[in-house]
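**Student:** I'm passing along data-v4.cif; it holds mmCIF, C-alpha atoms; chains and numbers go by the auth columns.
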```
data_data
loop_
_atom_site.group_PDB
_atom_site.id
_atom_site.type_symbol
_atom_site.label_atom_id
_atom_site.label_comp_id
_atom_site.label_asym_id
_atom_site.label_seq_id
_atom_site.Cartn_x
_atom_site.Cartn_y
_atom_site.Cartn_z
_atom_site.B_iso_or_equiv
_atom_site.auth_seq_id
_atom_site.auth_asym_id
ATOM 1 C CA MET A 1 -110.293 140.067 59.297 0.00 221 A
ATOM 2 C CA LEU A 2 -108.310 143.261 58.973 0.00 222 A
ATOM 3 C CA THR A 3 -106.252 144.775 56.204 0.00 223 A
ATOM 4 C CA ARG A 4 -102.730 145.917 56.996 0.00 224 A
ATOM 5 C CA ALA A 5 -103.896 149.549 57.022 0.00 225 A
ATOM 6 C CA GLU A 6 -106.815 148.714 59.332 0.00 226 A
ATOM 7 C CA PHE A 7 -104.482 146.881 61.698 0.00 227 A
ATOM 8 C CA ASP A 8 -102.171 149.890 61.870 0.00 228 A
ATOM 9 C CA ALA A 9 -105.094 152.238 62.513 0.00 229 A
ATOM 10 C CA ALA A 10 -106.661 149.963 65.145 0.00 230 A
ATOM 11 C CA CYS A 11 -103.370 149.659 67.039 0.00 231 A
ATOM 12 C CA LYS A 12 -102.861 153.411 67.108 0.00 232 A
ATOM 13 C CA ILE A 13 -106.429 153.941 68.316 0.00 233 A
ATOM 14 C CA ILE A 14 -105.885 151.374 71.082 0.00 234 A
ATOM 15 C CA VAL A 15 -102.656 153.035 72.209 0.00 235 A
ATOM 16 C CA ASN A 16 -104.246 156.483 72.357 0.00 236 A
ATOM 17 C CA HIS A 17 -107.843 155.859 73.384 0.00 237 A
ATOM 18 C CA SER A 18 -108.516 152.480 75.041 0.00 238 A
ATOM 19 C CA PRO A 19 -109.144 152.565 78.819 0.00 239 A
ATOM 20 C CA LEU A 20 -108.980 148.762 79.246 0.00 240 A
ATOM 21 C CA PRO A 21 -106.420 147.630 81.867 0.00 241 A
ATOM 22 C CA ALA A 22 -105.264 144.786 79.612 0.00 242 A
ATOM 23 C CA LEU A 23 -104.099 147.324 77.031 0.00 243 A
ATOM 24 C CA THR A 24 -101.936 149.365 79.387 0.00 244 A
ATOM 25 C CA GLY A 25 -98.293 149.739 78.465 0.00 245 A
ATOM 26 C CA TRP A 26 -98.520 149.032 74.746 0.00 246 A
ATOM 27 C CA SER A 27 -96.809 151.392 72.333 0.00 247 A
ATOM 28 C CA TRP A 28 -96.697 151.578 68.567 0.00 248 A
ATOM 29 C CA THR A 29 -93.286 150.694 67.114 0.00 249 A
ATOM 30 C CA GLU A 30 -92.415 151.460 63.521 0.00 250 A
ATOM 31 C CA HIS A 31 -90.357 148.963 61.557 0.00 251 A
ATOM 32 C CA PRO A 32 -86.641 149.898 61.681 0.00 252 A
ATOM 33 C CA SER A 33 -86.400 150.208 57.901 0.00 253 A
ATOM 34 C CA LEU A 34 -89.766 149.515 56.219 0.00 254 A
ATOM 35 C CA LEU A 35 -92.541 152.097 56.406 0.00 255 A
ATOM 36 C CA GLY A 36 -95.975 150.623 57.056 0.00 256 A
ATOM 37 C CA PHE A 37 -94.779 147.492 58.892 0.00 257 A
ATOM 38 C CA GLY A 38 -95.151 148.656 62.481 0.00 258 A
ATOM 39 C CA PHE A 39 -96.392 146.655 65.450 0.00 259 A
ATOM 40 C CA LEU A 40 -97.397 146.956 69.091 0.00 260 A
ATOM 41 C CA SER A 41 -94.803 146.227 71.762 0.00 261 A
ATOM 42 C CA ARG A 42 -94.370 146.343 75.518 0.00 262 A
ATOM 43 C CA THR A 43 -92.231 144.898 78.321 0.00 263 A
ATOM 44 C CA VAL A 44 -93.879 143.293 81.360 0.00 264 A
ATOM 45 C CA HIS A 45 -92.735 141.278 84.374 0.00 265 A
ATOM 46 C CA HIS A 46 -93.955 137.829 85.337 0.00 266 A
ATOM 47 C CA PHE A 47 -93.115 135.080 87.811 0.00 267 A
ATOM 48 C CA ARG A 48 -92.803 131.327 87.883 0.00 268 A
ATOM 49 C CA ARG A 49 -96.000 129.649 88.996 0.00 269 A
ATOM 50 C CA PRO A 50 -95.601 127.039 91.778 0.00 270 A
ATOM 51 C CA GLN A 51 -96.202 123.566 90.365 0.00 271 A
ATOM 52 C CA SER A 52 -97.273 121.991 93.646 0.00 272 A
ATOM 53 C CA SER A 53 -100.461 120.043 94.196 0.00 273 A
ATOM 54 C CA LEU A 54 -103.552 121.583 95.753 0.00 274 A
ATOM 55 C CA THR A 55 -102.765 119.696 98.971 0.00 275 A
ATOM 56 C CA ASP A 56 -99.258 121.155 99.016 0.00 276 A
ATOM 57 C CA GLN A 57 -100.623 124.647 98.417 0.00 277 A
ATOM 58 C CA ARG A 58 -103.024 124.336 101.343 0.00 278 A
ATOM 59 C CA HIS A 59 -100.155 123.185 103.532 0.00 279 A
ATOM 60 C CA VAL A 60 -98.039 126.175 102.530 0.00 280 A
ATOM 61 C CA ILE A 61 -100.886 128.575 103.299 0.00 281 A
ATOM 62 C CA GLN A 62 -101.198 127.110 106.787 0.00 282 A
ATOM 63 C CA GLU A 63 -97.482 127.451 107.590 0.00 283 A
ATOM 64 C CA ASP A 64 -96.451 129.901 110.249 0.00 284 A
ATOM 65 C CA GLU A 65 -95.394 133.189 108.637 0.00 285 A
ATOM 66 C CA ALA A 66 -92.403 133.298 110.953 0.00 286 A
ATOM 67 C CA GLU A 67 -90.874 130.415 109.016 0.00 287 A
ATOM 68 C CA ALA A 68 -90.986 132.292 105.731 0.00 288 A
ATOM 69 C CA ASP A 69 -87.570 132.996 104.258 0.00 289 A
ATOM 70 C CA ILE A 70 -86.457 135.785 101.951 0.00 290 A
ATOM 71 C CA LYS A 71 -85.219 133.189 99.476 0.00 291 A
ATOM 72 C CA ASP A 72 -88.871 132.392 98.742 0.00 292 A
ATOM 73 C CA VAL A 73 -89.334 135.761 97.020 0.00 293 A
ATOM 74 C CA PRO A 74 -90.221 134.804 93.425 0.00 294 A
ATOM 75 C CA GLU A 75 -87.752 135.436 90.649 0.00 295 A
ATOM 76 C CA THR A 76 -88.743 138.268 88.327 0.00 296 A
ATOM 77 C CA LEU A 77 -89.058 137.230 84.681 0.00 297 A
ATOM 78 C CA VAL A 78 -88.931 139.747 81.846 0.00 298 A
ATOM 79 C CA SER A 79 -91.308 139.283 78.922 0.00 299 A
ATOM 80 C CA GLN A 80 -91.045 141.218 75.673 0.00 300 A
ATOM 81 C CA GLN A 81 -94.445 141.146 73.993 0.00 301 A
ATOM 82 C CA TYR A 82 -95.537 142.072 70.487 0.00 302 A
ATOM 83 C CA VAL A 83 -98.743 142.226 68.475 0.00 303 A
ATOM 84 C CA VAL A 84 -97.836 141.745 64.826 0.00 304 A
ATOM 85 C CA TYR A 85 -99.984 141.616 61.690 0.00 305 A
ATOM 86 C CA SER A 86 -100.227 138.248 59.935 0.00 306 A
ATOM 87 C CA PRO A 87 -100.623 138.795 56.176 0.00 307 A
ATOM 88 C CA THR A 88 -101.520 135.118 55.735 0.00 308 A
ATOM 89 C CA PHE A 89 -104.437 135.055 58.175 0.00 309 A
ATOM 90 C CA ARG A 90 -105.073 138.831 58.077 0.00 310 A
ATOM 91 C CA VAL A 91 -105.346 139.073 61.862 0.00 311 A
ATOM 92 C CA PRO A 92 -103.074 140.201 64.703 0.00 312 A
ATOM 93 C CA THR A 93 -100.673 137.621 66.154 0.00 313 A
ATOM 94 C CA PHE A 94 -99.193 137.545 69.656 0.00 314 A
ATOM 95 C CA TYR A 95 -95.407 137.103 69.762 0.00 315 A
ATOM 96 C CA PHE A 96 -93.353 137.077 72.935 0.00 316 A
ATOM 97 C CA SER A 97 -90.090 136.155 74.609 0.00 317 A
ATOM 98 C CA ILE A 98 -89.513 135.566 78.298 0.00 318 A
ATOM 99 C CA HIS A 99 -86.184 135.540 80.138 0.00 319 A
ATOM 100 C CA ASP A 100 -85.059 134.809 83.678 0.00 320 A
ATOM 101 C CA SER A 101 -83.207 137.233 85.945 0.00 321 A
ATOM 102 C CA MET A 102 -79.879 136.218 84.351 0.00 322 A
ATOM 103 C CA GLY A 103 -81.147 137.003 80.849 0.00 323 A
ATOM 104 C CA SER A 104 -81.513 133.377 79.738 0.00 324 A
ATOM 105 C CA PRO A 105 -84.635 132.445 77.756 0.00 325 A
ATOM 106 C CA LEU A 106 -87.000 130.000 79.438 0.00 326 A
ATOM 107 C CA ILE A 107 -87.551 126.647 77.795 0.00 327 A
ATOM 108 C CA LEU A 108 -91.101 125.757 76.821 0.00 328 A
ATOM 109 C CA ALA A 109 -91.692 123.429 79.775 0.00 329 A
ATOM 110 C CA ASP A 110 -90.871 126.305 82.130 0.00 330 A
ATOM 111 C CA LEU A 111 -92.534 129.242 80.394 0.00 331 A
ATOM 112 C CA ILE A 112 -95.969 127.621 80.347 0.00 332 A
ATOM 113 C CA HIS A 113 -95.778 127.503 84.143 0.00 333 A
ATOM 114 C CA THR A 114 -95.320 131.240 84.551 0.00 334 A
ATOM 115 C CA THR A 115 -97.892 133.909 85.339 0.00 335 A
ATOM 116 C CA LEU A 116 -97.826 134.890 81.651 0.00 336 A
ATOM 117 C CA PHE A 117 -100.367 132.109 81.021 0.00 337 A
ATOM 118 C CA HIS A 118 -103.473 131.137 82.936 0.00 338 A
ATOM 119 C CA PRO A 119 -103.073 127.769 84.733 0.00 339 A
ATOM 120 C CA PHE A 120 -105.723 126.155 82.508 0.00 340 A
ATOM 121 C CA ALA A 121 -104.400 127.575 79.215 0.00 341 A
ATOM 122 C CA PHE A 122 -102.863 124.364 77.896 0.00 342 A
ATOM 123 C CA GLU A 123 -105.151 121.685 79.237 0.00 343 A
ATOM 124 C CA HIS A 124 -105.613 118.703 76.903 0.00 344 A
ATOM 125 C CA THR A 125 -102.571 119.612 74.790 0.00 345 A
ATOM 126 C CA LYS A 126 -99.341 117.828 73.916 0.00 346 A
ATOM 127 C CA LEU A 127 -95.974 119.388 74.756 0.00 347 A
ATOM 128 C CA SER A 128 -92.855 119.004 72.608 0.00 348 A
ATOM 129 C CA THR A 129 -89.504 120.791 72.616 0.00 349 A
ATOM 130 C CA PHE A 130 -90.612 123.386 70.076 0.00 350 A
ATOM 131 C CA GLY A 131 -94.339 123.791 70.548 0.00 351 A
ATOM 132 C CA ILE A 132 -97.695 122.780 71.949 0.00 352 A
ATOM 133 C CA THR A 133 -100.373 121.069 69.890 0.00 353 A
ATOM 134 C CA HIS A 134 -104.028 120.191 70.366 0.00 354 A
ATOM 135 C CA SER A 135 -104.971 116.612 69.605 0.00 355 A
ATOM 136 C CA GLN A 136 -107.827 117.786 67.372 0.00 356 A
ATOM 137 C CA SER A 137 -105.903 120.438 65.413 0.00 357 A
ATOM 138 C CA SER A 138 -103.363 120.242 62.607 0.00 358 A
ATOM 139 C CA PHE A 139 -101.886 123.582 63.694 0.00 359 A
ATOM 140 C CA PRO A 140 -99.777 124.042 66.817 0.00 360 A
ATOM 141 C CA VAL A 141 -101.276 126.195 69.569 0.00 361 A
ATOM 142 C CA LEU A 142 -97.902 127.636 70.541 0.00 362 A
ATOM 143 C CA SER A 143 -94.818 127.617 68.326 0.00 363 A
ATOM 144 C CA GLN A 144 -91.309 128.968 68.165 0.00 364 A
ATOM 145 C CA GLY A 145 -90.144 131.203 65.330 0.00 365 A
ATOM 146 C CA GLU A 146 -88.669 134.543 64.360 0.00 366 A
ATOM 147 C CA HIS A 147 -90.379 137.854 64.966 0.00 367 A
ATOM 148 C CA PRO A 148 -91.548 138.685 61.401 0.00 368 A
ATOM 149 C CA ASN A 149 -90.398 142.318 61.651 0.00 369 A
ATOM 150 C CA LEU A 150 -87.351 142.168 63.923 0.00 370 A
ATOM 151 C CA GLY A 151 -86.000 138.715 63.057 0.00 371 A
ATOM 152 C CA THR A 152 -85.431 137.872 66.739 0.00 372 A
ATOM 153 C CA PRO A 153 -86.325 134.467 68.282 0.00 373 A
ATOM 154 C CA CYS A 154 -89.843 134.445 69.752 0.00 374 A
ATOM 155 C CA TRP A 155 -92.721 132.237 70.731 0.00 375 A
ATOM 156 C CA TYR A 156 -96.113 132.924 69.173 0.00 376 A
ATOM 157 C CA LEU A 157 -99.716 131.778 69.443 0.00 377 A
ATOM 158 C CA HIS A 158 -100.902 130.444 66.104 0.00 378 A
ATOM 159 C CA PRO A 159 -103.582 132.731 64.582 0.00 379 A
ATOM 160 C CA CYS A 160 -105.501 130.121 62.575 0.00 380 A
ATOM 161 C CA ALA A 161 -108.667 130.216 64.718 0.00 381 A
ATOM 162 C CA THR A 162 -108.524 133.911 65.563 0.00 382 A
ATOM 163 C CA GLU A 163 -110.830 135.303 62.902 0.00 383 A
ATOM 164 C CA GLN A 164 -113.745 133.015 63.754 0.00 384 A
ATOM 165 C CA ALA A 165 -113.463 133.640 67.500 0.00 385 A
ATOM 166 C CA VAL A 166 -113.344 137.418 67.071 0.00 386 A
ATOM 167 C CA ALA A 167 -116.168 137.429 64.511 0.00 387 A
ATOM 168 C CA GLU A 168 -118.539 135.574 66.851 0.00 388 A
ATOM 169 C CA LEU A 169 -117.920 137.970 69.738 0.00 389 A
ATOM 170 C CA LEU A 170 -118.050 140.978 67.424 0.00 390 A
ATOM 171 C CA ASP A 171 -121.501 139.962 66.178 0.00 391 A
ATOM 172 C CA VAL A 172 -122.766 139.806 69.762 0.00 392 A
ATOM 173 C CA ALA A 173 -121.236 143.176 70.639 0.00 393 A
ATOM 174 C CA GLU A 174 -122.609 144.913 67.552 0.00 394 A
ATOM 175 C CA ALA A 175 -126.085 143.455 68.021 0.00 395 A
ATOM 176 C CA ALA A 176 -126.267 144.962 71.495 0.00 396 A
ATOM 177 C CA ASP A 177 -124.828 148.329 70.520 0.00 397 A
ATOM 178 C CA ILE A 178 -126.391 151.582 69.399 0.00 398 A
ATOM 179 C CA ASN A 179 -125.031 152.629 66.027 0.00 399 A
ATOM 180 C CA PRO A 180 -122.410 155.372 66.426 0.00 400 A
ATOM 181 C CA GLY A 181 -122.375 158.521 64.330 0.00 401 A
ATOM 182 C CA LYS A 182 -120.917 158.274 60.854 0.00 402 A
ATOM 183 C CA ASP A 183 -117.838 160.303 61.757 0.00 403 A
ATOM 184 C CA ASP A 184 -116.863 157.848 64.510 0.00 404 A
ATOM 185 C CA ALA A 185 -118.195 154.576 63.075 0.00 405 A
ATOM 186 C CA GLU A 186 -114.941 153.362 61.525 0.00 406 A
ATOM 187 C CA MET A 187 -112.828 154.284 64.534 0.00 407 A
ATOM 188 C CA VAL A 188 -115.270 152.519 66.865 0.00 408 A
ATOM 189 C CA ARG A 189 -115.317 149.414 64.651 0.00 409 A
ATOM 190 C CA LEU A 190 -111.529 149.136 64.521 0.00 410 A
ATOM 191 C CA ARG A 191 -111.101 149.770 68.238 0.00 411 A
ATOM 192 C CA ARG A 192 -113.788 147.223 69.099 0.00 412 A
ATOM 193 C CA TRP A 193 -112.268 144.612 66.766 0.00 413 A
ATOM 194 C CA LEU A 194 -108.850 144.845 68.423 0.00 414 A
ATOM 195 C CA GLU A 195 -110.278 145.039 71.947 0.00 415 A
ATOM 196 C CA ILE A 196 -112.207 141.820 71.280 0.00 416 A
ATOM 197 C CA TRP A 197 -109.041 140.256 69.885 0.00 417 A
ATOM 198 C CA PHE A 198 -107.346 141.054 73.189 0.00 418 A
ATOM 199 C CA MET A 199 -110.295 139.445 74.993 0.00 419 A
ATOM 200 C CA VAL A 200 -109.769 136.259 72.970 0.00 420 A
ATOM 201 C CA LEU A 201 -106.037 136.400 73.686 0.00 421 A
ATOM 202 C CA GLY A 202 -106.852 136.878 77.364 0.00 422 A
ATOM 203 C CA SER A 203 -108.560 133.487 77.522 0.00 423 A
ATOM 204 C CA ALA A 204 -105.069 131.948 77.578 0.00 424 A
ATOM 205 C CA VAL A 205 -102.689 134.816 78.280 0.00 425 A
ATOM 206 C CA ASN A 206 -102.539 137.093 81.301 0.00 426 A
ATOM 207 C CA THR A 207 -102.835 140.348 79.358 0.00 427 A
ATOM 208 C CA ARG A 208 -102.637 142.669 82.352 0.00 428 A
ATOM 209 C CA PRO A 209 -99.330 144.552 82.669 0.00 429 A
#
```
Mind turning the file's structure into structure tokens?
**Tutor:**
Amino acid sequence: MLTRAEFDAACKIIVNHSPLPALTGWSWTEHPSLLGFGFLSRTVHHFRRPQSSLTDQRHVIQEDEAEADIKDVPETLVSQQYVVYSPTFRVPTFYFSIHDSMGSPLILADLIHTTLFHPFAFEHTKLSTFGITHSQSSFPVLSQGEHPNLGTPCWYLHPCATEQAVAELLDVAEAADINPGKDDAEMVRLRRWLEIWFMVLGSAVNTRP
């Protein structure tokens, strides 16, 4: 888990020092009116993922390129993404919105079939109008709510299992690492914690820009 101050520091380290491709494009945004309530934000583009069967996909691949039409160019979707601190769970939380080319927000049934999520991200889950739940969990996997800092409508991945997942990977990483010098130890720890959090996020979300 992270304190609010550690979250702020880790985010700023990530923005300025991380070379990971998944962390490209993020910037630190201060709260419009409250000091110390900043968050990470970025804008990325995605596309709708074809929902055809494997047989259909093979057929499309085999089609003569001469029959391709310009109307088949995929629609560009705009996704506003945020990493916000959860004071309840004391971990980062991924918030996002995604709109079509006309500026209309995608409904849940459509947004889960975009390149924002990996195709396998929501296997064995139940879809409703306002969220996605796992049969073995009392918490929703994906929910709709307000951005805690901006007050704008967003979707977010529930952070209830985040701390355990990050802690397990962090233990493995630290066991294999050479201890850094004292001057850099805290910076390395915070950067590693948030980078591993992004790795966990990346198991469901396409985190590349």
**Student:** Could you give me, as a tab-separated table, a per-residue list for segment 241-354 of chain A showing, wherever an atom lies at most 8 Å from an atom of segment 362-365 of chain A, the closest pair of atoms and their distance in Å to one decimal, using only C-alpha atoms and sorting by chain then residue number from low to high?
**Tutor:**
```
residue	atom	partner	partner_atom	distance
A:Phe350	CA	A:Gln364	CA	5.9
A:Gly351	CA	A:Ser363	CA	4.5
A:Ile352	CA	A:Leu362	CA	5.1
A:Thr353	CA	A:Leu362	CA	7.0
```
**Student:** Given the file shown, enumerate the residues that the PyMOL selection byres ((chain A and resi 368-372) around 10) captures and present them as an NGL selection string.
**Tutor:** :A and (250-254 or 257-259 or 304-306 or 315 or 317 or 365-367 or 373-374)
**Student:** For atom CA of Phe309 of chain A and atom CA of Pro241 of chain A, determine how far apart the two atoms are, in Å to one decimal place.
**Tutor:**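 Taking atom CA of Phe309 of chain A as the start and atom CA of Pro241 of chain A as the end point, the length is 26.9 Å.
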**Student:** Choose the residue, out of A:Leu328, A:Leu414, A:Glu383, A:Ala424, that has the smallest atom-to-atom separation from Lys232 of chain A; count only C-alpha atoms.
**Tutor:**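 Of A:Leu328, A:Leu414, A:Glu383, A:Ala424, the one nearest Lys232 of chain A, counting only C-alpha atoms, is A:Leu414.
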**Student:** For Trp413 of chain A, which of A:Glu394, A:Phe267, A:Thr334, A:Ala225 is the closest residue, counting only C-alpha atoms?
**Tutor:** A:Glu394
**Student:** Could you check which of A:Ile233, A:Leu347, A:Met322, A:Leu331 is closest to Leu260 of chain A, using all atoms listed in the file?
**Tutor:**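 Once distances to Leu260 of chain A are computed over all atoms listed in the file, the minimum belongs to A:Ile233.
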**Student:** Looking at A:Arg262, A:Met221, A:Leu255, A:Glu226, which one is nearest to Ala385 of chain A, with distances taken over all atoms listed in the file?
**Tutor:**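 That would be A:Met221, the residue with the smallest distance to Ala385 of chain A.
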**Student:** Atom CA of Gln300 of chain A and atom CA of Leu389 of chain A are how many Å apart?
**Tutor:** 27.7 Å
**Student:** Run the PyMOL selection byres ((chain A and resi 357) around 12) on the file and write out the hits as a ChimeraX atom specification.
**Tutor:** /A:344-346,352-356,358-362,378,380-381
**Student:** Just give me the gap between atom CA of Asp404 of chain A and atom CA of Val392 of chain A in Å, one decimal is fine.
**Tutor:** 19.7 Å
**Student:** Let me make sure I understand: among A:Val264, A:Val420, A:Ile234, A:Leu222, which one has the smallest atom-to-atom distance to Arg310 of chain A if we use all atoms listed in the file?
**Tutor:** A:Leu222
**Student:** Expand the PyMOL selection byres ((chain A and resi 411) around 9) into the explicit residue set it covers here, and present it as a list in words.
**Tutor:**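 Those residues are Ala229, Ala230, Cys231, Ile233, Ile234, His237, Ser238, Glu406, Met407, Val408, Arg409, Leu410, Arg412, Trp413, Leu414, Glu415 and Ile416 of chain A.
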**Student:** Can you tell me, as a ChimeraX atom specification, what residues are no more than 9 Å from Thr335 of chain A when counting all atoms listed in the file, ignoring any on the same chain fewer than 6 positions away?
**Tutor:** /A:266-269,425-426
**Student:** Let me make sure I understand: among A:Thr382, A:Thr349, A:Asn236, A:Gln271, which one has the smallest atom-to-atom distance to Leu421 of chain A if we use only C-alpha atoms?
**Tutor:**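 Ranking A:Thr382, A:Thr349, A:Asn236, A:Gln271 by distance to Leu421 of chain A, first place goes to A:Thr382.
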**Student:** Taking all atoms of segment 378-385 of chain A that the file lists and extending 3 Å past them on each side, where is the centre of the axis-aligned box and how long are its edges? Answer in Å to one decimal, as AutoDock Vina command-line options.
**Tutor:**
```
--center_x -107.3 --center_y 132.7 --center_z 65.0 --size_x 18.8 --size_y 11.2 --size_z 10.9
```
